[in-house]
$ cat protein-v5.tsv   # TSV, C-alpha atoms
chain	number	residue	atom	x	y	z
L	1	MET	CA	-52.06	-98.18	52.54
L	2	LYS	CA	-53.67	-96.20	55.36
L	3	ILE	CA	-57.21	-94.73	55.34
L	4	LEU	CA	-58.52	-92.10	57.74
L	5	LEU	CA	-62.22	-92.90	58.08
L	6	LEU	CA	-64.35	-89.90	59.10
L	7	PRO	CA	-67.88	-91.29	59.53
L	8	ARG	CA	-70.84	-89.39	60.93
L	9	TYR	CA	-71.67	-91.94	63.65
L	10	SER	CA	-70.37	-94.95	65.53
L	11	ARG	CA	-71.73	-98.45	64.99
L	12	ASN	CA	-75.32	-97.76	66.06
L	13	GLY	CA	-75.71	-95.23	63.25
L	14	ALA	CA	-77.14	-97.17	60.31
L	15	SER	CA	-75.46	-95.12	57.58
L	16	THR	CA	-72.02	-95.51	59.16
L	17	ARG	CA	-72.45	-99.19	59.95
L	18	LEU	CA	-73.67	-100.10	56.48
L	19	ARG	CA	-71.72	-97.74	54.22
L	20	PHE	CA	-68.39	-98.06	56.04
L	21	LEU	CA	-67.96	-100.37	59.01
L	22	GLN	CA	-69.20	-103.56	57.38
L	23	TYR	CA	-66.44	-103.17	54.78
L	24	LEU	CA	-63.61	-102.89	57.31
L	25	PRO	CA	-62.92	-106.64	57.75
L	26	ILE	CA	-62.55	-106.95	53.96
L	27	LEU	CA	-60.22	-103.95	53.76
L	28	ARG	CA	-58.10	-105.09	56.68
L	29	ALA	CA	-57.86	-108.60	55.23
L	30	GLN	CA	-56.28	-106.96	52.17
L	31	GLY	CA	-53.69	-105.21	54.33
L	32	ILE	CA	-55.38	-101.80	54.34
L	33	GLU	CA	-55.08	-99.97	57.67
L	34	VAL	CA	-58.16	-97.98	58.68
L	35	ILE	CA	-58.19	-95.35	61.43
L	36	GLU	CA	-61.77	-94.74	62.62
L	37	ALA	CA	-62.73	-91.29	63.90
L	38	PRO	CA	-66.53	-90.88	64.15
L	39	PHE	CA	-68.04	-87.43	64.58
L	40	PHE	CA	-70.89	-88.27	67.00
L	41	ASP	CA	-70.60	-90.73	69.89
L	42	GLU	CA	-73.08	-93.37	71.07
L	43	CYS	CA	-74.54	-90.99	73.66
L	44	TYR	CA	-75.69	-88.66	70.90
L	45	LEU	CA	-77.60	-91.40	69.07
L	46	HIS	CA	-79.24	-92.72	72.23
L	47	ARG	CA	-80.49	-89.24	73.10
L	48	LEU	CA	-81.50	-88.51	69.51
L	49	TYR	CA	-83.68	-91.63	69.21
L	50	ALA	CA	-85.16	-90.93	72.65
L	51	GLY	CA	-86.12	-87.43	71.52
L	52	SER	CA	-83.85	-85.72	74.08
L	53	PRO	CA	-81.50	-82.76	73.49
L	54	ALA	CA	-77.86	-83.73	73.04
L	55	TYR	CA	-76.09	-80.38	73.12
L	56	GLY	CA	-73.15	-81.66	75.14
L	57	SER	CA	-72.58	-84.50	72.69
L	58	VAL	CA	-72.61	-82.05	69.78
L	59	ILE	CA	-70.00	-79.81	71.40
L	60	ARG	CA	-67.78	-82.81	72.16
L	61	ALA	CA	-68.22	-84.01	68.58
L	62	PHE	CA	-66.89	-80.77	67.11
L	63	CYS	CA	-63.96	-80.76	69.55
L	64	ARG	CA	-63.03	-84.33	68.59
L	65	ARG	CA	-63.28	-83.62	64.88
L	66	PHE	CA	-61.24	-80.39	65.12
L	67	SER	CA	-58.53	-82.30	66.99
L	68	ARG	CA	-58.50	-85.10	64.44
L	69	LEU	CA	-58.28	-82.76	61.45
L	70	LEU	CA	-55.43	-80.82	63.04
L	71	THR	CA	-53.44	-84.00	63.75
L	72	ASP	CA	-51.33	-85.53	61.00
L	73	SER	CA	-52.60	-89.10	60.64
L	74	GLY	CA	-50.18	-90.08	57.90
L	75	ALA	CA	-53.14	-91.34	55.87
L	76	ASP	CA	-53.02	-91.98	52.14
L	77	LEU	CA	-56.76	-91.37	51.79
L	78	ILE	CA	-59.64	-89.75	53.68
L	79	TRP	CA	-62.91	-91.69	53.49
L	80	LEU	CA	-65.59	-89.19	54.43
L	81	GLU	CA	-69.25	-89.63	55.29
L	82	LYS	CA	-71.07	-86.68	53.72
L	83	GLU	CA	-69.03	-83.80	55.21
L	84	ALA	CA	-66.38	-83.32	57.87
L	85	LEU	CA	-68.05	-80.51	59.84
L	86	PRO	CA	-71.87	-80.45	59.69
L	87	TRP	CA	-73.52	-77.02	59.64
L	88	LEU	CA	-70.21	-75.22	59.04
L	89	PRO	CA	-69.38	-73.69	55.65
L	90	TRP	CA	-67.13	-75.39	53.13
L	91	TRP	CA	-64.45	-72.69	53.15
L	92	PHE	CA	-63.87	-73.37	56.86
L	93	GLU	CA	-63.93	-77.15	56.45
L	94	ARG	CA	-61.55	-76.97	53.50
L	95	ARG	CA	-58.98	-75.08	55.59
L	96	LEU	CA	-58.88	-77.90	58.15
L	97	LEU	CA	-58.85	-80.87	55.77
L	98	PRO	CA	-55.29	-81.82	54.73
L	99	ARG	CA	-54.86	-80.62	51.15
L	100	HIS	CA	-52.33	-83.27	50.17
L	101	VAL	CA	-54.60	-86.22	51.05
L	102	PRO	CA	-57.25	-87.26	48.48
L	103	ILE	CA	-60.86	-87.56	49.64
L	104	VAL	CA	-63.46	-90.20	48.89
L	105	SER	CA	-66.87	-88.89	49.99
L	106	ASP	CA	-69.89	-91.14	50.43
L	107	TYR	CA	-73.62	-90.32	50.36
L	108	ASP	CA	-76.57	-92.54	51.22
L	109	ASP	CA	-79.19	-89.80	51.38
L	110	ALA	CA	-79.89	-86.35	49.96
L	111	VAL	CA	-78.07	-84.51	52.75
L	112	PHE	CA	-77.62	-81.53	50.41
L	113	HIS	CA	-81.37	-80.86	50.69
L	114	ARG	CA	-80.94	-80.32	54.42
L	115	TYR	CA	-79.18	-77.12	53.37
L	116	ASP	CA	-80.44	-76.07	49.93
L	117	LEU	CA	-84.12	-76.59	50.86
L	118	HIS	CA	-83.84	-75.24	54.40
L	119	ARG	CA	-86.60	-72.87	55.48
L	120	SER	CA	-83.99	-70.27	56.53
L	121	ARG	CA	-82.77	-68.03	53.72
L	122	PHE	CA	-79.51	-67.51	55.63
L	123	VAL	CA	-78.84	-71.28	55.83
L	124	ARG	CA	-79.58	-71.64	52.12
L	125	TRP	CA	-77.16	-68.78	51.36
L	126	LEU	CA	-74.38	-70.02	53.65
L	127	LEU	CA	-74.63	-73.79	53.14
L	128	GLY	CA	-76.84	-74.39	50.11
L	129	SER	CA	-73.91	-75.29	47.84
L	130	LYS	CA	-71.70	-76.85	50.51
L	131	ILE	CA	-72.25	-80.54	49.75
L	132	GLY	CA	-71.73	-79.87	46.06
L	133	ALA	CA	-68.39	-78.27	46.94
L	134	VAL	CA	-67.37	-81.32	48.99
L	135	MET	CA	-68.29	-83.55	46.06
L	136	ALA	CA	-66.32	-81.41	43.61
L	137	ALA	CA	-63.25	-81.50	45.87
L	138	SER	CA	-63.37	-85.30	46.21
L	139	ARG	CA	-61.26	-87.55	44.06
L	140	LEU	CA	-64.16	-90.02	44.11
L	141	VAL	CA	-67.81	-89.74	45.14
L	142	MET	CA	-69.60	-92.97	46.09
L	143	ALA	CA	-73.36	-92.43	45.79
L	144	GLY	CA	-76.01	-94.82	47.04
L	145	ASN	CA	-78.33	-94.27	44.07
L	146	ARG	CA	-78.68	-92.46	40.75
L	147	TYR	CA	-80.38	-89.39	42.26
L	148	LEU	CA	-77.37	-88.76	44.49
L	149	ALA	CA	-74.92	-89.60	41.70
L	150	ASP	CA	-76.59	-87.12	39.35
L	151	HIS	CA	-76.24	-84.39	41.98
L	152	ALA	CA	-72.53	-85.16	42.29
L	153	ILE	CA	-72.08	-85.00	38.52
L	154	ARG	CA	-73.86	-81.64	38.34
L	155	ALA	CA	-71.64	-80.40	41.18
L	156	GLY	CA	-68.55	-81.16	39.10
L	157	ALA	CA	-67.28	-84.31	40.83
L	158	ARG	CA	-64.32	-85.84	39.00
L	159	GLN	CA	-65.39	-89.46	39.40
L	160	VAL	CA	-68.75	-90.78	40.57
L	161	GLU	CA	-69.61	-94.41	41.29
L	162	THR	CA	-73.07	-95.66	42.25
L	163	VAL	CA	-72.56	-98.05	45.18
L	164	PRO	CA	-75.78	-99.41	46.72
L	165	THR	CA	-76.22	-100.02	50.42
L	166	VAL	CA	-75.80	-103.78	50.79
L	167	VAL	CA	-76.33	-106.67	53.20
L	168	ASP	CA	-74.00	-109.44	54.32
L	169	LEU	CA	-75.49	-112.70	53.04
L	170	GLU	CA	-73.79	-114.61	55.85
L	171	HIS	CA	-75.93	-112.65	58.29
L	172	TYR	CA	-79.18	-112.39	56.32
L	173	ARG	CA	-80.56	-115.88	55.90
L	174	PHE	CA	-83.51	-116.85	53.72
L	175	LYS	CA	-86.74	-117.28	55.65
L	176	ARG	CA	-88.13	-120.80	55.42
L	177	ILE	CA	-91.87	-120.58	54.76
L	178	ALA	CA	-94.00	-123.34	56.23
L	179	ASP	CA	-97.20	-124.55	54.56
L	180	ASP	CA	-99.18	-123.49	57.64
L	181	GLU	CA	-97.77	-120.13	58.66
L	182	GLY	CA	-100.41	-119.16	61.20
L	183	GLN	CA	-101.16	-115.46	61.62
L	184	LEU	CA	-99.45	-113.38	58.94
L	185	ARG	CA	-97.43	-110.24	59.62
L	186	ILE	CA	-97.00	-107.13	57.51
L	187	GLY	CA	-93.63	-105.75	58.56
L	188	TRP	CA	-91.72	-102.48	58.67
L	189	ILE	CA	-88.28	-101.55	60.05
L	190	GLY	CA	-86.91	-98.04	60.49
L	191	THR	CA	-86.43	-95.16	62.94
L	192	PRO	CA	-88.83	-92.94	64.92
L	193	GLY	CA	-88.31	-90.17	62.37
L	194	THR	CA	-89.13	-92.28	59.32
L	195	TRP	CA	-92.12	-93.75	61.17
L	196	ARG	CA	-93.56	-90.28	61.73
L	197	ASP	CA	-92.87	-89.17	58.16
L	198	TYR	CA	-94.01	-92.20	56.19
L	199	MET	CA	-95.86	-94.75	58.31
L	200	THR	CA	-98.15	-92.60	60.46
L	201	PRO	CA	-100.18	-91.44	57.41
L	202	MET	CA	-100.49	-95.08	56.28
L	203	MET	CA	-101.68	-96.57	59.56
L	204	PRO	CA	-105.46	-96.35	58.99
L	205	LEU	CA	-105.11	-98.25	55.71
L	206	LEU	CA	-102.66	-100.80	57.13
L	207	ILE	CA	-104.85	-101.48	60.17
L	208	GLU	CA	-107.86	-101.89	57.88
L	209	VAL	CA	-106.10	-104.38	55.58
L	210	ALA	CA	-104.50	-106.34	58.41
L	211	GLY	CA	-107.79	-106.59	60.27
L	212	ALA	CA	-109.67	-107.74	57.17
L	213	HIS	CA	-107.23	-110.63	56.66
L	214	GLY	CA	-106.60	-111.61	60.26
L	215	ALA	CA	-103.02	-110.33	60.05
L	216	ARG	CA	-100.86	-108.22	62.32
L	217	LEU	CA	-98.29	-105.45	61.87
L	218	ARG	CA	-94.72	-106.09	63.05
L	219	VAL	CA	-92.95	-102.74	63.57
L	220	VAL	CA	-89.25	-102.52	64.43
L	221	GLY	CA	-87.52	-99.34	65.54
L	222	ALA	CA	-90.42	-96.87	65.65
L	223	GLY	CA	-89.89	-96.27	69.36
L	224	PRO	CA	-92.14	-93.76	71.14
L	225	ALA	CA	-93.34	-92.34	67.81
L	226	ALA	CA	-95.70	-95.31	67.34
L	227	GLU	CA	-99.02	-95.38	69.19
L	228	ALA	CA	-100.16	-98.69	70.66
L	229	HIS	CA	-102.84	-100.68	68.82
L	230	PRO	CA	-104.12	-104.26	69.33
L	231	LEU	CA	-102.86	-105.28	65.86
L	232	LEU	CA	-99.46	-103.63	66.30
L	233	GLU	CA	-96.42	-105.58	67.50
L	234	LEU	CA	-93.82	-102.99	68.52
L	235	ARG	CA	-90.22	-104.14	68.73
L	236	PRO	CA	-87.12	-102.13	69.66
L	237	TRP	CA	-84.36	-102.12	67.08
L	238	SER	CA	-81.05	-103.78	67.83
L	239	GLU	CA	-78.35	-105.03	65.52
L	240	ALA	CA	-78.48	-108.41	67.26
L	241	THR	CA	-82.20	-108.98	66.60
L	242	GLU	CA	-83.05	-107.06	63.41
L	243	VAL	CA	-82.63	-110.07	61.10
L	244	SER	CA	-84.71	-112.41	63.27
L	245	ASP	CA	-87.37	-109.70	63.56
L	246	ILE	CA	-87.55	-109.43	59.76
L	247	GLN	CA	-87.65	-113.21	59.40
L	248	GLN	CA	-90.82	-113.21	61.50
L	249	MET	CA	-92.51	-110.94	58.95
L	250	ASP	CA	-94.34	-112.22	55.86
L	251	ILE	CA	-94.49	-109.03	53.77
L	252	GLY	CA	-92.10	-106.07	53.95
L	253	ILE	CA	-93.31	-102.54	53.21
L	254	MET	CA	-91.68	-99.19	52.42
L	255	PRO	CA	-94.12	-96.31	51.91
L	256	LEU	CA	-92.64	-92.94	50.92
L	257	ASP	CA	-93.86	-89.56	49.81
L	258	ASP	CA	-92.61	-88.28	46.46
L	259	SER	CA	-90.32	-85.52	47.70
L	260	PRO	CA	-86.72	-84.51	46.94
L	261	TRP	CA	-85.57	-85.98	50.26
L	262	SER	CA	-87.35	-89.30	49.62
L	263	ARG	CA	-85.87	-89.57	46.12
L	264	GLY	CA	-82.44	-89.64	47.74
L	265	LYS	CA	-83.19	-92.70	49.88
L	266	CYS	CA	-81.38	-95.93	49.08
L	267	GLY	CA	-84.16	-98.46	49.72
L	268	TYR	CA	-82.16	-100.37	52.31
L	269	LYS	CA	-85.16	-101.77	54.17
L	270	LEU	CA	-86.38	-103.30	50.88
L	271	ILE	CA	-83.00	-104.99	50.47
L	272	GLN	CA	-83.22	-106.29	54.04
L	273	TYR	CA	-86.69	-107.73	53.45
L	274	MET	CA	-85.71	-109.32	50.15
L	275	ALA	CA	-82.53	-110.81	51.63
L	276	CYS	CA	-84.75	-112.68	54.09
L	277	GLY	CA	-87.03	-113.89	51.30
L	278	LEU	CA	-89.98	-111.56	51.84
L	279	PRO	CA	-92.14	-110.13	49.06
L	280	VAL	CA	-92.28	-106.34	49.26
L	281	VAL	CA	-94.70	-103.49	48.65
L	282	ALA	CA	-93.20	-100.04	48.15
L	283	SER	CA	-93.97	-96.57	46.87
L	284	PRO	CA	-92.65	-96.00	43.31
L	285	VAL	CA	-90.21	-93.28	44.40
L	286	GLY	CA	-86.52	-93.02	43.54
L	287	VAL	CA	-84.44	-96.17	43.76
L	288	ASN	CA	-87.45	-98.22	44.89
L	289	CYS	CA	-88.36	-98.46	41.20
L	290	GLU	CA	-85.03	-100.21	40.51
L	291	ILE	CA	-85.06	-102.52	43.51
L	292	VAL	CA	-88.67	-103.66	43.14
L	293	GLU	CA	-89.57	-105.43	39.90
L	294	HIS	CA	-93.33	-105.00	39.87
L	295	GLY	CA	-95.05	-108.38	39.84
L	296	VAL	CA	-91.73	-110.27	40.16
L	297	ASN	CA	-90.32	-109.68	43.65
L	298	GLY	CA	-93.08	-107.41	44.93
L	299	PHE	CA	-95.44	-104.61	44.02
L	300	LEU	CA	-95.08	-100.87	43.52
L	301	ALA	CA	-98.11	-99.02	44.91
L	302	ARG	CA	-98.82	-95.31	44.60
L	303	THR	CA	-102.45	-94.84	45.63
L	304	GLU	CA	-104.36	-96.17	48.63
L	305	ALA	CA	-106.28	-98.46	46.29
L	306	GLU	CA	-103.03	-99.88	44.91
L	307	TRP	CA	-101.63	-100.43	48.40
L	308	ARG	CA	-104.84	-102.16	49.50
L	309	GLU	CA	-104.85	-104.43	46.44
L	310	ALA	CA	-101.14	-105.31	46.67
L	311	LEU	CA	-101.25	-106.21	50.35
L	312	SER	CA	-104.52	-108.11	50.04
L	313	THR	CA	-103.21	-110.11	47.08
L	314	LEU	CA	-100.09	-111.16	49.00
L	315	LEU	CA	-101.98	-111.95	52.20
L	316	ARG	CA	-104.32	-114.25	50.26
L	317	ASP	CA	-101.69	-116.13	48.23
L	318	ALA	CA	-98.93	-118.06	50.03
L	319	ASP	CA	-97.48	-119.40	46.78
L	320	LEU	CA	-97.14	-115.88	45.38
L	321	ARG	CA	-95.39	-114.77	48.56
L	322	ARG	CA	-92.98	-117.67	48.21
L	323	ARG	CA	-92.19	-117.02	44.53
L	324	MET	CA	-91.70	-113.30	45.01
L	325	GLY	CA	-89.55	-113.91	48.08
L	326	GLN	CA	-87.28	-116.26	46.13
L	327	ALA	CA	-86.96	-113.74	43.29
L	328	GLY	CA	-86.09	-110.99	45.76
L	329	ARG	CA	-83.41	-113.08	47.44
L	330	LYS	CA	-81.79	-113.85	44.08
L	331	LYS	CA	-81.70	-110.16	43.20
L	332	VAL	CA	-80.01	-109.32	46.49
L	333	GLU	CA	-77.43	-112.06	45.96
L	334	THR	CA	-76.43	-110.66	42.56
L	335	HIS	CA	-76.88	-106.89	43.04
L	336	TYR	CA	-77.03	-105.89	46.72
L	337	SER	CA	-74.66	-108.10	48.71
L	338	LEU	CA	-71.45	-107.40	50.60
L	339	GLN	CA	-70.00	-110.47	48.94
L	340	VAL	CA	-70.32	-108.76	45.53
L	341	TRP	CA	-69.55	-105.19	46.55
L	342	GLY	CA	-66.82	-105.70	49.17
L	343	PRO	CA	-64.01	-106.36	46.66
L	344	ARG	CA	-65.32	-103.60	44.37
L	345	VAL	CA	-65.28	-100.97	47.13
L	346	ALA	CA	-61.79	-102.03	48.20
L	347	GLN	CA	-60.53	-101.55	44.64
L	348	LEU	CA	-62.27	-98.18	44.30
L	349	LEU	CA	-60.52	-96.97	47.45
L	350	ARG	CA	-57.13	-98.26	46.28
L	351	ASN	CA	-57.55	-96.56	42.92
L	352	ALA	CA	-58.53	-93.29	44.57
L	353	ALA	CA	-55.47	-93.36	46.83
L	354	LEU	CA	-53.24	-94.01	43.83
L	355	GLY	CA	-54.95	-91.42	41.65
L	356	ALA	CA	-56.16	-94.05	39.16
L	357	GLY	CA	-59.52	-93.64	37.44
$ encode --input "protein-v5.tsv" --output "structure tokens"
Amino acid sequence: MKILLLPRYSRNGASTRLRFLQYLPILRAQGIEVIEAPFFDECYLHRLYAGSPAYGSVIRAFCRRFSRLLTDSGADLIWLEKEALPWLPWWFERRLLPRHVPIVSDYDDAVFHRYDLHRSRFVRWLLGSKIGAVMAASRLVMAGNRYLADHAIRAGARQVETVPTVVDLEHYRFKRIADDEGQLRIGWIGTPGTWRDYMTPMMPLLIEVAGAHGARLRVVGAGPAAEAHPLLELRPWSEATEVSDIQQMDIGIMPLDDSPWSRGKCGYKLIQYMACGLPVVASPVGVNCEIVEHGVNGFLARTEAEWREALSTLLRDADLRRRMGQAGRKKVETHYSLQVWGPRVAQLLRNAALGAG
């Protein structure tokens, strides 16, 4: 069996790395050949995270993708991240995709809202229904949460499976908590964009709570979007250090606003925290309400008062942090691990290639 993998990014793109690339060793061990053909290259991501224009990378990306789609790969299945040609209409994309090869499309965020909620009326008219059309044309849609799966069902997808974004338990080790932990750290991991959207509004409260309890804030991946502060420990993101950075946190947080885009998020940072044995505090938005069992592996907090109380409670109580961290790790082991989902995804892909439901 041969799969043509058409991801959005190369390895440094989180969605590609987690939704596709981490499954490749499992697929190849089962004798499945995978041809990788990412849309964007590493240069694009480096410039994107640095806030620099990447027009040349975008032009090269379209040229590469056109060439790939016009070349017969001999694949039995196309495994597609979101769409083949971003910002181009479905009728054009459909003409380039090989009609005789079934498609499995995968979604880890509400990319359809980039089009159907766009401020431009022309974009909404031209592309508003595009992602729904891709879903409807797919033999299988793999959705990272129920919000995305429901959209696929409404779009007319033939088969929809909810597949969470997972961690490799061999890589994510449980944090050992000492009796005397020293200065505590409230932690967050993400990108400059998510920092600006969700963390910047929270910073006055977080600084207040951390200062009141003698704690610090460990921030990974915010880049130049984060302003320096004496209580802020800013760390660059890298795949090699992200787990050790999380293991140096004591509480993991995921604030969100309650918007259509946020409801499409897959809660991956919560899964990362929990895999390392951290208690979590998160906004009760979308899949966060499934991942976080309030009072068991963390707290759901909507208002500033609820955030203040949840963080203060955890900062004061080491035993509670330990119990919640253990509960979170167990949930990841049973529901959000590569060890559980790797064989399932492999079988879903085989079935799709064979036309089995």
$ axis_aligned_box --input "protein-v5.tsv" --around "region 88-105 of chain L" --padding-each-side "4 Å" --output "AutoDock Vina command-line options"
--center_x -61.3 --center_y -81.4 --center_z 53.8 --size_x 25.9 --size_y 25.5 --size_z 18.6
$ residues_around --input "protein-v5.tsv" --residues "Glu81 (chain L)" --least-positions-apart "5" --cutoff "8 Å" --atoms "only C-alpha atoms" --output "list in words"
Leu6, Pro7, Arg8, Thr16, Ser105, Asp106 and Tyr107 of chain L
$ atom_distance --input "protein-v5.tsv" --atom1 "CA of Ala75 (chain L)" --atom2 "CA of Gln347 (chain L)"
16.9 Å
$ residues_around --input "protein-v5.tsv" --residues "region 155-158 of chain L" --least-positions-apart "2" --cutoff "8 Å" --atoms "all atoms listed in the file" --output "ChimeraX atom specification"
/L:132-133,135-141,151-153,160
$ atom_distance --input "protein-v5.tsv" --atom1 "CA of Leu315 (chain L)" --atom2 "CA of Leu169 (chain L)"
26.5 Å
$ atom_distance --input "protein-v5.tsv" --atom1 "CA of Met1 (chain L)" --atom2 "CA of Glu33 (chain L)"
6.2 Å
$ closest_atom_pairs --input "protein-v5.tsv" --of "region 157-210 of chain L" --to "region 240-251 of chain L" --cutoff "6 Å" --atoms "all atoms listed in the file" --output "Markdown table"
| residue | atom | partner | partner_atom | distance |
| --- | --- | --- | --- | --- |
| L:Lys175 | CA | L:Gln247 | CA | 5.6 |
| L:Arg185 | CA | L:Met249 | CA | 5.0 |
| L:Ile186 | CA | L:Ile251 | CA | 4.9 |
| L:Gly187 | CA | L:Met249 | CA | 5.3 |
$ closest_residue --input "protein-v5.tsv" --among "L:Val332, L:Val209, L:Leu278, L:Pro260" --to "Ser312 (chain L)" --atoms "only C-alpha atoms"
L:Val209
$ closest_residue --input "protein-v5.tsv" --among "L:Ser10, L:Thr165, L:Ser15, L:Ser120" --to "Val345 (chain L)" --atoms "only C-alpha atoms"
L:Thr165
$ closest_residue --input "protein-v5.tsv" --among "L:Leu256, L:Val167, L:Ile103, L:Ile59" --to "Leu21 (chain L)" --atoms "all atoms listed in the file"
L:Val167
$ residues_near_point --input "protein-v5.tsv" --point "(-54.8, -83.2, 54.9)" --cutoff "12 Å" --atoms "only C-alpha atoms" --output "ChimeraX atom specification"
/L:3-4,68-79,84,93-103
$ residues_around --input "protein-v5.tsv" --residues "Gly295 (chain L)" --least-positions-apart "3" --cutoff "10 Å" --atoms "all atoms listed in the file" --output "ChimeraX atom specification"
/L:279,292,298-300,310,320,324
$ residues_around --input "protein-v5.tsv" --residues "Phe40 (chain L)" --least-positions-apart "4" --cutoff "10 Å" --atoms "all atoms listed in the file" --output "VMD selection string"
chain L and resid 7 to 10 13 44 to 45 57 to 62 64 to 65
$ closest_residue --input "protein-v5.tsv" --among "L:Leu338, L:Ala225, L:Leu206, L:Glu239" --to "Leu311 (chain L)" --atoms "all atoms listed in the file"
L:Leu206
$ closest_atom_pairs --input "protein-v5.tsv" --of "region 315-352 of chain L" --to "region 263-271 of chain L" --cutoff "10 Å" --atoms "all atoms listed in the file" --output "tab-separated table"
residue	atom	partner	partner_atom	distance
L:Gly328	CA	L:Ile271	CA	8.2
L:Arg329	CA	L:Ile271	CA	8.6
L:Lys331	CA	L:Ile271	CA	9.0
L:Val332	CA	L:Ile271	CA	6.6
L:His335	CA	L:Ile271	CA	9.8
L:Tyr336	CA	L:Ile271	CA	7.1
L:Ser337	CA	L:Ile271	CA	9.1
$ closest_residue --input "protein-v5.tsv" --among "L:Gln326, L:Gln159, L:Gln183, L:Ser52" --to "Leu348 (chain L)" --atoms "only C-alpha atoms"
L:Gln159
$ residues_around --input "protein-v5.tsv" --residues "Leu27 (chain L)" --least-positions-apart "3" --cutoff "12 Å" --atoms "all atoms listed in the file" --output "list of chain:residue names"
L:Met1, L:Lys2, L:Ile3, L:Phe20, L:Leu21, L:Gln22, L:Tyr23, L:Leu24, L:Gln30, L:Gly31, L:Ile32, L:Glu33, L:Val34, L:Ile35, L:Trp341, L:Gly342, L:Pro343, L:Arg344, L:Val345, L:Ala346, L:Gln347, L:Leu348, L:Leu349, L:Arg350
$ closest_residue --input "protein-v5.tsv" --among "L:Asp150, L:Glu227, L:Glu333, L:Glu161" --to "Arg196 (chain L)" --atoms "all atoms listed in the file"
L:Glu227
